[in-house]
>>> print(open('entry_8.txt').read())   # compact mmCIF, C-alpha atoms
# COMPACT_ATOMS: atom_id res chain seq x y z
CA MET A 1 34.21 -35.98 -146.26
CA THR A 2 37.65 -35.19 -147.58
CA THR A 3 39.02 -32.03 -146.11
CA ARG A 4 42.27 -31.81 -148.00
CA TYR A 5 43.45 -31.97 -151.58
CA THR A 6 45.29 -35.12 -152.61
CA PRO A 7 49.08 -34.99 -152.14
CA THR A 8 49.40 -35.05 -155.95
CA ALA A 9 47.18 -31.99 -156.31
CA ILE A 10 49.12 -30.20 -153.58
CA VAL A 11 52.49 -30.96 -155.15
CA LEU A 12 51.20 -29.86 -158.59
CA HIS A 13 49.81 -26.63 -157.16
CA TRP A 14 52.99 -25.52 -155.41
CA LEU A 15 55.38 -26.79 -158.06
CA MET A 16 53.47 -24.88 -160.72
CA ALA A 17 53.26 -21.80 -158.49
CA LEU A 18 57.03 -21.87 -158.14
CA LEU A 19 57.78 -22.48 -161.83
CA LEU A 20 55.18 -19.96 -163.01
CA THR A 21 56.66 -17.26 -160.80
CA GLY A 22 60.13 -18.11 -162.09
CA ALA A 23 59.09 -18.12 -165.76
CA PHE A 24 57.13 -14.88 -165.32
CA VAL A 25 59.97 -12.97 -163.66
CA LEU A 26 62.50 -14.41 -166.12
CA GLY A 27 60.28 -13.43 -169.04
CA LEU A 28 59.97 -9.85 -167.81
CA TYR A 29 63.70 -9.56 -167.13
CA MET A 30 65.15 -11.23 -170.21
CA SER A 31 63.15 -9.42 -172.87
CA ASP A 32 64.72 -6.06 -172.01
CA LEU A 33 68.30 -7.37 -171.97
CA LYS A 34 70.78 -6.41 -174.65
CA LEU A 35 71.67 -9.36 -176.87
CA SER A 36 74.33 -11.49 -175.16
CA PRO A 37 75.03 -15.17 -174.52
CA VAL A 38 73.30 -14.74 -171.15
CA LYS A 39 70.17 -13.48 -172.89
CA LEU A 40 70.15 -16.48 -175.24
CA GLN A 41 70.60 -18.82 -172.27
CA LEU A 42 67.81 -17.18 -170.29
CA TYR A 43 65.45 -17.43 -173.27
CA SER A 44 66.20 -21.14 -173.48
CA TYR A 45 65.62 -21.66 -169.76
CA HIS A 46 62.38 -19.69 -169.97
CA LYS A 47 61.20 -21.89 -172.83
CA TRP A 48 62.18 -25.08 -171.01
CA ILE A 49 60.29 -24.00 -167.88
CA GLY A 50 57.32 -23.04 -170.07
CA ILE A 51 57.12 -26.43 -171.76
CA THR A 52 57.52 -28.16 -168.38
CA LEU A 53 54.59 -26.06 -167.15
CA LEU A 54 52.55 -27.06 -170.19
CA ALA A 55 53.14 -30.75 -169.42
CA LEU A 56 52.28 -30.20 -165.74
CA ALA A 57 49.16 -28.24 -166.72
CA ILE A 58 47.89 -31.04 -168.96
CA PHE A 59 48.52 -33.59 -166.20
CA ARG A 60 46.84 -31.29 -163.68
CA VAL A 61 43.71 -30.84 -165.80
CA LEU A 62 43.46 -34.62 -166.19
CA TRP A 63 43.97 -35.06 -162.45
CA ARG A 64 41.33 -32.45 -161.65
CA LEU A 65 38.83 -34.10 -164.02
CA THR A 66 39.29 -37.47 -162.35
CA HIS A 67 39.50 -36.32 -158.70
CA ARG A 68 36.91 -34.29 -156.83
CA PRO A 69 38.31 -31.43 -154.80
CA PRO A 70 37.41 -31.40 -151.08
CA GLU A 71 33.97 -29.97 -150.48
CA ILE A 72 33.54 -26.57 -148.92
CA HIS A 73 30.49 -24.57 -148.01
CA LEU A 74 30.61 -21.09 -149.38
CA PRO A 75 28.01 -18.54 -150.42
CA ARG A 76 26.79 -19.19 -153.98
CA TRP A 77 28.54 -16.09 -155.43
CA GLN A 78 31.87 -17.15 -153.97
CA GLN A 79 31.46 -20.66 -155.34
CA ARG A 80 30.79 -19.23 -158.79
CA ALA A 81 33.62 -16.73 -158.65
CA SER A 82 35.99 -19.42 -157.46
CA SER A 83 34.99 -21.84 -160.25
CA ALA A 84 35.33 -19.11 -162.86
CA VAL A 85 38.80 -18.06 -161.67
CA HIS A 86 40.02 -21.65 -161.40
CA GLY A 87 38.61 -22.51 -164.85
CA LEU A 88 40.33 -19.49 -166.39
CA LEU A 89 43.58 -20.32 -164.62
CA TYR A 90 43.56 -23.81 -166.14
CA VAL A 91 42.92 -22.32 -169.58
CA LEU A 92 45.84 -19.90 -169.15
CA PHE A 93 48.16 -22.64 -167.82
CA THR A 94 47.92 -24.29 -171.23
CA ALA A 95 47.33 -21.25 -173.46
CA ILE A 96 50.36 -19.30 -172.22
CA PRO A 97 53.05 -21.93 -172.89
CA LEU A 98 51.34 -22.77 -176.19
CA SER A 99 51.39 -19.12 -177.27
CA GLY A 100 55.07 -18.96 -176.35
CA TRP A 101 55.83 -22.13 -178.31
CA LEU A 102 53.95 -20.81 -181.37
CA MET A 103 55.66 -17.44 -181.04
CA SER A 104 59.09 -19.12 -181.01
CA SER A 105 58.18 -21.08 -184.13
CA ALA A 106 56.88 -17.99 -185.93
CA LYS A 107 60.09 -16.13 -185.07
CA GLY A 108 62.19 -18.97 -186.41
CA PHE A 109 63.64 -20.06 -183.06
CA GLN A 110 62.70 -23.68 -182.62
CA THR A 111 62.06 -24.87 -179.06
CA VAL A 112 64.43 -27.66 -178.06
CA LEU A 113 63.49 -28.90 -174.61
CA PHE A 114 66.52 -28.92 -172.27
CA GLY A 115 68.65 -28.48 -175.40
CA VAL A 116 68.08 -32.10 -176.44
CA LEU A 117 64.45 -32.70 -177.41
CA PRO A 118 63.38 -30.67 -180.46
CA LEU A 119 59.69 -29.82 -180.43
CA PRO A 120 58.00 -29.51 -183.81
CA ASP A 121 57.40 -26.02 -185.14
CA LEU A 122 53.62 -25.74 -185.20
CA VAL A 123 53.67 -22.75 -187.53
CA GLY A 124 56.16 -21.67 -190.16
CA LYS A 125 58.48 -18.68 -189.87
CA ASP A 126 56.37 -15.56 -190.23
CA LYS A 127 57.49 -12.17 -188.92
CA ALA A 128 54.03 -10.59 -188.64
CA LEU A 129 52.63 -13.65 -186.90
CA GLY A 130 55.60 -13.58 -184.53
CA VAL A 131 54.84 -9.99 -183.53
CA LEU A 132 51.16 -10.81 -183.04
CA LEU A 133 51.91 -13.89 -180.92
CA THR A 134 54.35 -11.89 -178.80
CA SER A 135 51.58 -9.52 -177.78
CA VAL A 136 49.18 -12.45 -177.26
CA HIS A 137 51.76 -14.14 -175.00
CA GLU A 138 52.29 -10.91 -173.04
CA SER A 139 48.62 -10.07 -172.68
CA LEU A 140 47.73 -13.58 -171.49
CA ASN A 141 50.49 -13.26 -168.90
CA TYR A 142 49.12 -10.02 -167.51
CA LEU A 143 45.68 -11.62 -167.36
CA LEU A 144 47.28 -14.52 -165.48
CA LEU A 145 49.00 -12.10 -163.10
CA ALA A 146 45.66 -10.42 -162.34
CA LEU A 147 43.94 -13.77 -161.71
CA VAL A 148 46.79 -15.06 -159.53
CA LEU A 149 46.63 -11.88 -157.44
CA LEU A 150 42.87 -12.36 -157.08
CA HIS A 151 43.41 -16.02 -156.15
CA VAL A 152 46.03 -15.13 -153.53
CA ALA A 153 43.89 -12.31 -152.16
CA ALA A 154 40.91 -14.66 -151.81
CA ALA A 155 43.03 -17.31 -150.08
CA LEU A 156 44.40 -14.71 -147.65
CA LYS A 157 40.94 -13.31 -147.00
CA HIS A 158 39.67 -16.79 -146.07
CA GLN A 159 42.71 -17.44 -143.94
CA LEU A 160 43.03 -14.12 -142.14
CA ILE A 161 39.54 -12.64 -142.10
CA ASP A 162 37.07 -15.53 -142.36
CA ARG A 163 39.43 -17.91 -140.57
CA ASP A 164 37.62 -20.83 -142.18
CA GLY A 165 40.70 -23.03 -142.80
CA ILE A 166 40.19 -23.22 -146.56
CA LEU A 167 43.88 -22.50 -147.19
CA SER A 168 44.97 -25.51 -145.12
CA ARG A 169 43.39 -27.82 -147.71
CA MET A 170 46.18 -26.89 -150.09
CA LEU A 171 49.07 -26.47 -147.64
CA PRO A 172 51.70 -29.20 -147.43
CA GLY A 173 51.58 -31.30 -144.27
CA GLY A 174 48.20 -30.05 -143.13
CA VAL A 175 49.61 -27.18 -141.06
CA ALA A 176 48.15 -23.74 -140.37
CA LYS A 177 44.57 -24.39 -139.50
CA MET B 1 67.98 -30.31 -250.72
CA LYS B 2 67.14 -27.17 -248.79
CA LEU B 3 66.07 -29.23 -245.79
CA ALA B 4 69.30 -31.18 -245.83
CA LYS B 5 71.31 -27.95 -245.85
CA PHE B 6 69.47 -26.70 -242.81
CA ALA B 7 69.95 -29.97 -241.03
CA LEU B 8 73.66 -29.85 -241.72
CA LEU B 9 73.89 -26.28 -240.50
CA GLY B 10 72.01 -27.24 -237.37
CA LEU B 11 74.36 -30.12 -236.71
CA LEU B 12 77.38 -27.90 -237.13
CA LEU B 13 76.02 -25.29 -234.73
CA ASN B 14 75.23 -27.97 -232.21
CA ALA B 15 78.67 -29.42 -232.46
CA CYS B 16 80.20 -25.99 -231.85
CA ALA B 17 78.04 -25.42 -228.79
CA ALA B 18 78.80 -28.81 -227.31
CA GLN B 19 82.49 -28.30 -227.82
CA ALA B 20 82.81 -25.02 -226.04
CA VAL B 21 80.32 -24.26 -223.31
CA GLU B 22 81.71 -21.98 -220.73
CA TYR B 23 79.65 -20.98 -217.74
CA ASN B 24 80.70 -17.50 -216.79
CA GLN B 25 77.69 -15.56 -215.60
CA VAL B 26 76.08 -15.87 -212.19
CA ILE B 27 72.49 -14.71 -211.78
CA PRO B 28 72.41 -13.13 -208.30
CA ALA B 29 68.61 -12.92 -208.10
CA LYS B 30 68.28 -16.68 -208.44
CA SER B 31 71.30 -17.59 -206.36
CA ALA B 32 71.45 -17.97 -202.60
CA LEU B 33 74.04 -17.93 -199.88
CA THR B 34 72.83 -19.37 -196.60
CA PHE B 35 74.37 -20.56 -193.37
CA GLY B 36 73.41 -22.84 -190.52
CA TYR B 37 74.64 -23.08 -186.94
CA ARG B 38 73.53 -24.27 -183.52
CA GLN B 39 72.50 -21.89 -180.76
CA MET B 40 71.74 -23.40 -177.35
CA GLY B 41 71.47 -26.73 -179.15
CA VAL B 42 68.92 -25.33 -181.58
CA ALA B 43 69.53 -25.51 -185.35
CA MET B 44 69.36 -21.99 -186.79
CA GLU B 45 69.50 -20.67 -190.32
CA GLY B 46 70.32 -17.37 -191.93
CA LYS B 47 71.35 -15.87 -195.23
CA PHE B 48 73.32 -13.14 -196.92
CA SER B 49 71.28 -11.18 -199.42
CA LYS B 50 74.13 -9.30 -201.12
CA PHE B 51 77.04 -11.04 -202.74
CA ALA B 52 78.84 -10.87 -206.05
CA ALA B 53 80.18 -13.97 -207.74
CA GLN B 54 82.39 -14.36 -210.77
CA LEU B 55 83.18 -17.67 -212.28
CA VAL B 56 84.53 -19.34 -215.33
CA PHE B 57 83.74 -23.01 -215.63
CA ASP B 58 84.05 -25.36 -218.54
CA PRO B 59 83.61 -29.01 -217.53
CA ALA B 60 86.11 -29.91 -220.25
CA LYS B 61 88.76 -27.51 -218.94
CA LEU B 62 88.80 -27.85 -215.17
CA ALA B 63 92.38 -26.66 -214.89
CA SER B 64 91.32 -23.17 -215.90
CA ALA B 65 88.12 -23.14 -213.83
CA ARG B 66 87.99 -20.38 -211.28
CA ALA B 67 85.50 -18.74 -209.01
CA SER B 68 85.43 -15.84 -206.64
CA ILE B 69 82.69 -14.60 -204.35
CA ASP B 70 82.53 -11.37 -202.38
CA VAL B 71 79.93 -11.34 -199.64
CA ASN B 72 78.56 -8.12 -198.19
CA LEU B 73 78.61 -9.01 -194.50
CA ALA B 74 76.22 -6.23 -193.50
CA SER B 75 73.57 -7.89 -195.68
CA ILE B 76 73.25 -10.73 -193.17
CA ASP B 77 69.80 -11.89 -192.16
CA THR B 78 69.90 -13.98 -189.00
CA GLY B 79 66.16 -13.83 -188.47
CA SER B 80 66.25 -11.13 -185.80
CA THR B 81 67.16 -7.45 -186.11
CA ASP B 82 68.98 -7.51 -182.77
CA ALA B 83 71.24 -10.30 -183.92
CA ASP B 84 71.83 -8.69 -187.35
CA GLU B 85 73.10 -5.56 -185.61
CA GLU B 86 75.15 -7.54 -183.12
CA VAL B 87 76.99 -9.65 -185.70
CA ALA B 88 77.91 -6.57 -187.77
CA GLY B 89 79.67 -5.26 -184.66
CA LYS B 90 83.30 -5.46 -183.59
CA LYS B 91 83.05 -8.73 -181.67
CA TRP B 92 81.65 -10.54 -184.72
CA PHE B 93 82.38 -9.42 -188.29
CA ASN B 94 83.50 -5.88 -187.53
CA ALA B 95 81.77 -5.07 -190.82
CA LYS B 96 82.85 -1.41 -190.78
CA ALA B 97 86.52 -2.34 -190.96
CA TYR B 98 86.00 -5.57 -192.93
CA PRO B 99 82.85 -5.12 -195.03
CA LEU B 100 83.46 -8.16 -197.25
CA ALA B 101 84.13 -11.83 -196.85
CA SER B 102 85.79 -13.15 -199.96
CA PHE B 103 86.43 -16.53 -201.44
CA VAL B 104 88.91 -17.08 -204.26
CA SER B 105 89.28 -20.52 -205.74
CA THR B 106 92.69 -22.11 -206.12
CA GLY B 107 91.64 -25.32 -207.82
CA VAL B 108 88.75 -27.45 -209.01
CA LYS B 109 88.88 -31.17 -209.58
CA SER B 110 86.35 -33.73 -210.66
CA ILE B 111 85.24 -36.33 -208.12
CA GLY B 112 83.06 -38.24 -210.56
CA GLY B 113 79.91 -37.54 -212.55
CA ASN B 114 78.64 -34.04 -211.98
CA ARG B 115 80.50 -33.73 -208.69
CA TYR B 116 83.52 -31.58 -208.16
CA GLN B 117 85.74 -30.48 -205.35
CA ALA B 118 86.59 -26.81 -205.12
CA THR B 119 89.46 -25.56 -203.00
CA GLY B 120 90.13 -21.94 -202.27
CA LYS B 121 91.02 -19.24 -199.84
CA LEU B 122 88.36 -17.73 -197.65
CA THR B 123 89.11 -14.35 -196.09
CA ILE B 124 86.98 -13.02 -193.27
CA LYS B 125 87.89 -10.24 -190.86
CA GLY B 126 91.39 -10.01 -192.30
CA LYS B 127 92.15 -13.67 -191.78
CA THR B 128 92.65 -16.07 -194.70
CA LEU B 129 92.21 -19.82 -194.40
CA GLU B 130 91.90 -22.59 -196.94
CA VAL B 131 88.52 -24.22 -197.42
CA THR B 132 87.41 -27.16 -199.52
CA ALA B 133 83.85 -27.71 -200.70
CA PRO B 134 82.20 -30.53 -202.59
CA VAL B 135 80.13 -29.02 -205.40
CA THR B 136 77.53 -30.50 -207.70
CA PHE B 137 76.66 -28.95 -211.04
CA ASP B 138 73.45 -29.88 -212.84
CA GLY B 139 74.00 -27.69 -215.89
CA ARG B 140 72.07 -24.83 -214.37
CA ALA B 141 73.34 -24.27 -210.86
CA PHE B 142 76.28 -25.02 -208.62
CA ASP B 143 75.37 -26.36 -205.20
CA GLY B 144 77.77 -26.94 -202.42
CA SER B 145 78.50 -26.52 -198.77
CA PHE B 146 81.39 -26.44 -196.37
CA THR B 147 81.93 -25.86 -192.69
CA ILE B 148 84.07 -23.22 -191.08
CA LYS B 149 84.97 -22.71 -187.45
CA ARG B 150 84.04 -19.18 -186.49
CA LEU B 151 86.67 -18.79 -183.77
CA ALA B 152 89.42 -19.54 -186.30
CA TYR B 153 88.43 -16.23 -187.93
CA GLY B 154 87.87 -14.42 -184.65
CA ILE B 155 84.12 -14.23 -185.31
CA GLY B 156 82.35 -13.82 -181.98
CA THR B 157 84.94 -12.81 -179.41
CA ASP B 158 84.81 -11.94 -175.69
CA GLU B 159 81.65 -13.30 -174.07
CA TRP B 160 80.58 -14.76 -177.45
CA ALA B 161 83.64 -17.03 -177.53
CA ASP B 162 81.59 -19.34 -175.29
CA LEU B 163 80.81 -22.22 -177.65
CA GLY B 164 78.06 -23.56 -175.39
CA THR B 165 75.80 -20.74 -176.56
CA VAL B 166 76.70 -20.34 -180.22
CA ALA B 167 78.56 -23.33 -181.65
CA ASP B 168 81.93 -23.01 -183.40
CA GLU B 169 80.87 -24.82 -186.58
CA ILE B 170 79.08 -22.75 -189.19
CA GLN B 171 77.82 -24.54 -192.31
CA ILE B 172 77.93 -22.36 -195.39
CA LYS B 173 75.69 -23.37 -198.29
CA PHE B 174 75.71 -21.87 -201.73
CA HIS B 175 73.41 -22.18 -204.70
CA LEU B 176 74.74 -20.32 -207.73
CA VAL B 177 72.56 -20.22 -210.82
CA VAL B 178 74.70 -19.68 -213.91
CA LEU B 179 74.40 -18.93 -217.59
CA ALA B 180 76.67 -20.19 -220.30
CA SER B 181 78.09 -18.33 -223.21
CA PRO B 182 80.35 -19.62 -225.99
CA ALA B 183 83.94 -19.78 -224.84
CA LYS B 184 86.51 -17.48 -226.34
CA LYS B 185 89.02 -19.38 -228.32
>>> encode(input="entry_8.txt", output="C-alpha cells")
Amino acid sequence: MTTRYTPTAIVLHWLMALLLTGAFVLGLYMSDLKLSPVKLQLYSYHKWIGITLLALAIFRVLWRLTHRPPEIHLPRWQQRASSAVHGLLYVLFTAIPLSGWLMSSAKGFQTVLFGVLPLPDLVGKDKALGVLLTSVHESLNYLLLALVLLHVAAALKHQLIDRDGILSRMLPGGVAK
Amino acid sequence: MKLAKFALLGLLLNACAAQAVEYNQVIPAKSALTFGYRQMGVAMEGKFSKFAAQLVFDPAKLASARASIDVNLASIDTGSTDADEEVAGKKWFNAKAYPLASFVSTGVKSIGGNRYQATGKLTIKGKTLEVTAPVTFDGRAFDGSFTIKRLAYGIGTDEWADLGTVADEIQIKFHLVVLASPAKK
C-alpha cells in the first residue's frame, strides 16, 4: 500500500499552493492601485502566473487521472466531503485562469505570456462582457479562498486533533508524522 | 439628332469633371484616426473620436495639395477609462493646456500609382517636429500611417518615461474619407 503521494504530485501541490497564494494576493492588491507603470507590470505578472497555473492545473488533472492517490481509511462522510472539495478545487484551478484570460480579451488587453508568447484572444473586445467576466473571476476566487481554507482546516484537524498522519502523505521528504 | 446632342453634352461635362477634380471635403463620420503601441510587450490599439481635417487635393496639381488635421486630445479612447483620464493629465498630453494636436502639411509628392508621400509638421504639447507619411488614395479615402516617438514630444514623463512599460514608438493611422467638388479656376 502506498502511503505517500508521488513526488510529482507533491511538487505540483506545493508549487501551485505557492503560485496561487501569490496570484491571489497580487490580484487583490493591484486592482485598487492608481494607474502607474507598476500597476501595468503587476497586471502582467499576475496574468503570467495565472497562465502558468492553468498549465500546471491541466498537467495535474492528467496526473491525478493516471495515478491513484494513497489509500486512507476515513468515515464515509469525510471521504465524500474530501472528494467533493478536491473535485471543485480542480475545476477552479482551470476555471479561474480561464476566466481571467477571457476577461483580458474582452477588455482588449491581450495576454502575452512572459511578454513574448501572445495567447489568442478567445473572445472579441466587449465592454459589457469584460465587466461580467471580472465579477465571475472575482467570485470564483472567493469560492476558491473558502475551499482552500476548508482544505487547510481539514488537514490541520487531521494533523493536530486526529493525529492520523494524513498530512505527511503530502509533505516533502516524508517528515512530520 | 437630339440623341447626338445629348451625347455631346454628356461628353463635354465628363471632360470638364475629369479635368478638374479637387478633393476638398473630409467626412468626419466615416473617417478614423487610430493609434497602436506596445504595453508590456502587448500590442494595444486606441482611437481619437474628435478631429477636424481640411484638405485640398488634386492629383494633377500636387504642388498645391495641402492638408491639416486638428485632433481633440481629450477625445482619446485607449480602451480603459482609467487610462483615458491618465493620458489627458499633465504627464501625458496635458490636454488642459494643450487641447489639440495639429498636423499641417508642407509638401506632397507622388511615389508612383496611387501612392503619395506627405510631409508636414506635427505639433503636440507645444513641441513641433517634422513627420513623413506614405499615403494611398483610392479615389474615396486617404489611408496612411507614420510612427512618432512619444518621448520626443514629452508624452509620458516621470515614472511613465520608462519605455519597458509603454514603448516609445506610437503608430498613428489615418483613414480620411473625402468628397470631391469641381475645382475653382
>>> interface_residues(input="entry_8.txt", of="chain B", to="chain A", cutoff="7 Å", atoms="only C-alpha atoms", output="PyMOL selection string")
chain B and resi 40-42+79+82+159-160+165
>>> closest_residue(input="entry_8.txt", among="A:Trp63, A:Leu92, A:Val152, A:Gly50", to="A:Leu167", atoms="only C-alpha atoms")
A:Val152
>>> atom_distance(input="entry_8.txt", atom1="atom CA of A:Thr52", atom2="atom CA of A:Leu19")
8.7 Å
>>> axis_aligned_box(input="entry_8.txt", around="stretch 164-175 of chain B", padding_each_side="5 Å", output="JSON")
{"center_x": 77.7, "center_y": -22.6, "center_z": -190.0, "size_x": 18.5, "size_y": 14.5, "size_z": 39.3}
>>> closest_residue(input="entry_8.txt", among="A:Leu28, A:Leu54, A:His73, A:Gln78", to="A:Thr3", atoms="only C-alpha atoms")
A:His73
>>> residues_near_point(input="entry_8.txt", point="(84.5, -17.5, -214.7)", cutoff="6 Å", atoms="only C-alpha atoms", output="list of chain:residue names")
B:Asn24, B:Gln54, B:Leu55, B:Val56, B:Phe57, B:Arg66, B:Ala67
>>> write_last_selection(input="entry_8.txt", atoms="C-alpha atoms", output="CSV table (one decimal), in the frame of the given file")
chain,number,residue,atom,x,y,z
B,24,ASN,CA,80.7,-17.5,-216.8
B,54,GLN,CA,82.4,-14.4,-210.8
B,55,LEU,CA,83.2,-17.7,-212.3
B,56,VAL,CA,84.5,-19.3,-215.3
B,57,PHE,CA,83.7,-23.0,-215.6
B,66,ARG,CA,88.0,-20.4,-211.3
B,67,ALA,CA,85.5,-18.7,-209.0
>>> closest_residue(input="entry_8.txt", among="B:Ala63, B:Leu122, B:Leu151, B:Val104", to="B:Trp92", atoms="all atoms listed in the file")
B:Leu151
>>> atom_distance(input="entry_8.txt", atom1="atom CA of B:Ser105", atom2="atom CA of B:Ala161")
29.0 Å
>>> residues_around(input="entry_8.txt", residues="B:Ala95", least_positions_apart="2", cutoff="10 Å", atoms="all atoms listed in the file", output="list in words")
Asn72, Leu73, Ala74, Ser75, Val87, Ala88, Gly89, Lys90, Lys91, Trp92, Phe93, Ala97, Tyr98, Pro99, Leu100, Ala101, Ile124 and Lys125 of chain B
>>> residues_near_point(input="entry_8.txt", point="(38.3, -16.1, -161.3)", cutoff="12 Å", atoms="all atoms listed in the file", output="list in words")
Trp77, Gln78, Gln79, Arg80, Ala81, Ser82, Ser83, Ala84, Val85, His86, Gly87, Leu88, Leu89, Tyr90, Val91, Leu92, Leu143, Leu144, Leu145, Ala146, Leu147, Val148, Leu149, Leu150, His151, Val152, Ala153 and Ala154 of chain A
>>> atom_distance(input="entry_8.txt", atom1="atom CA of A:Leu98", atom2="atom CA of A:Asp126")
16.6 Å
>>> decode(input="entry_8.txt", residues="stretch 42-55 of chain A", atoms="C-alpha atoms", output="tab-separated table (two decimals), in the first residue's frame")
chain	number	residue	atom	x	y	z
A	42	LEU	CA	1.83	43.80	-11.75
A	43	TYR	CA	-1.13	43.03	-14.03
A	44	SER	CA	1.25	41.38	-16.46
A	45	TYR	CA	2.93	39.33	-13.73
A	46	HIS	CA	-0.47	38.31	-12.39
A	47	LYS	CA	-1.53	37.14	-15.84
A	48	TRP	CA	1.72	35.25	-16.39
A	49	ILE	CA	1.35	33.46	-13.04
A	50	GLY	CA	-2.28	32.71	-13.90
A	51	ILE	CA	-1.45	31.11	-17.23
A	52	THR	CA	1.38	29.13	-15.59
A	53	LEU	CA	-1.17	27.90	-13.05
A	54	LEU	CA	-3.54	26.92	-15.85
A	55	ALA	CA	-0.82	24.82	-17.48
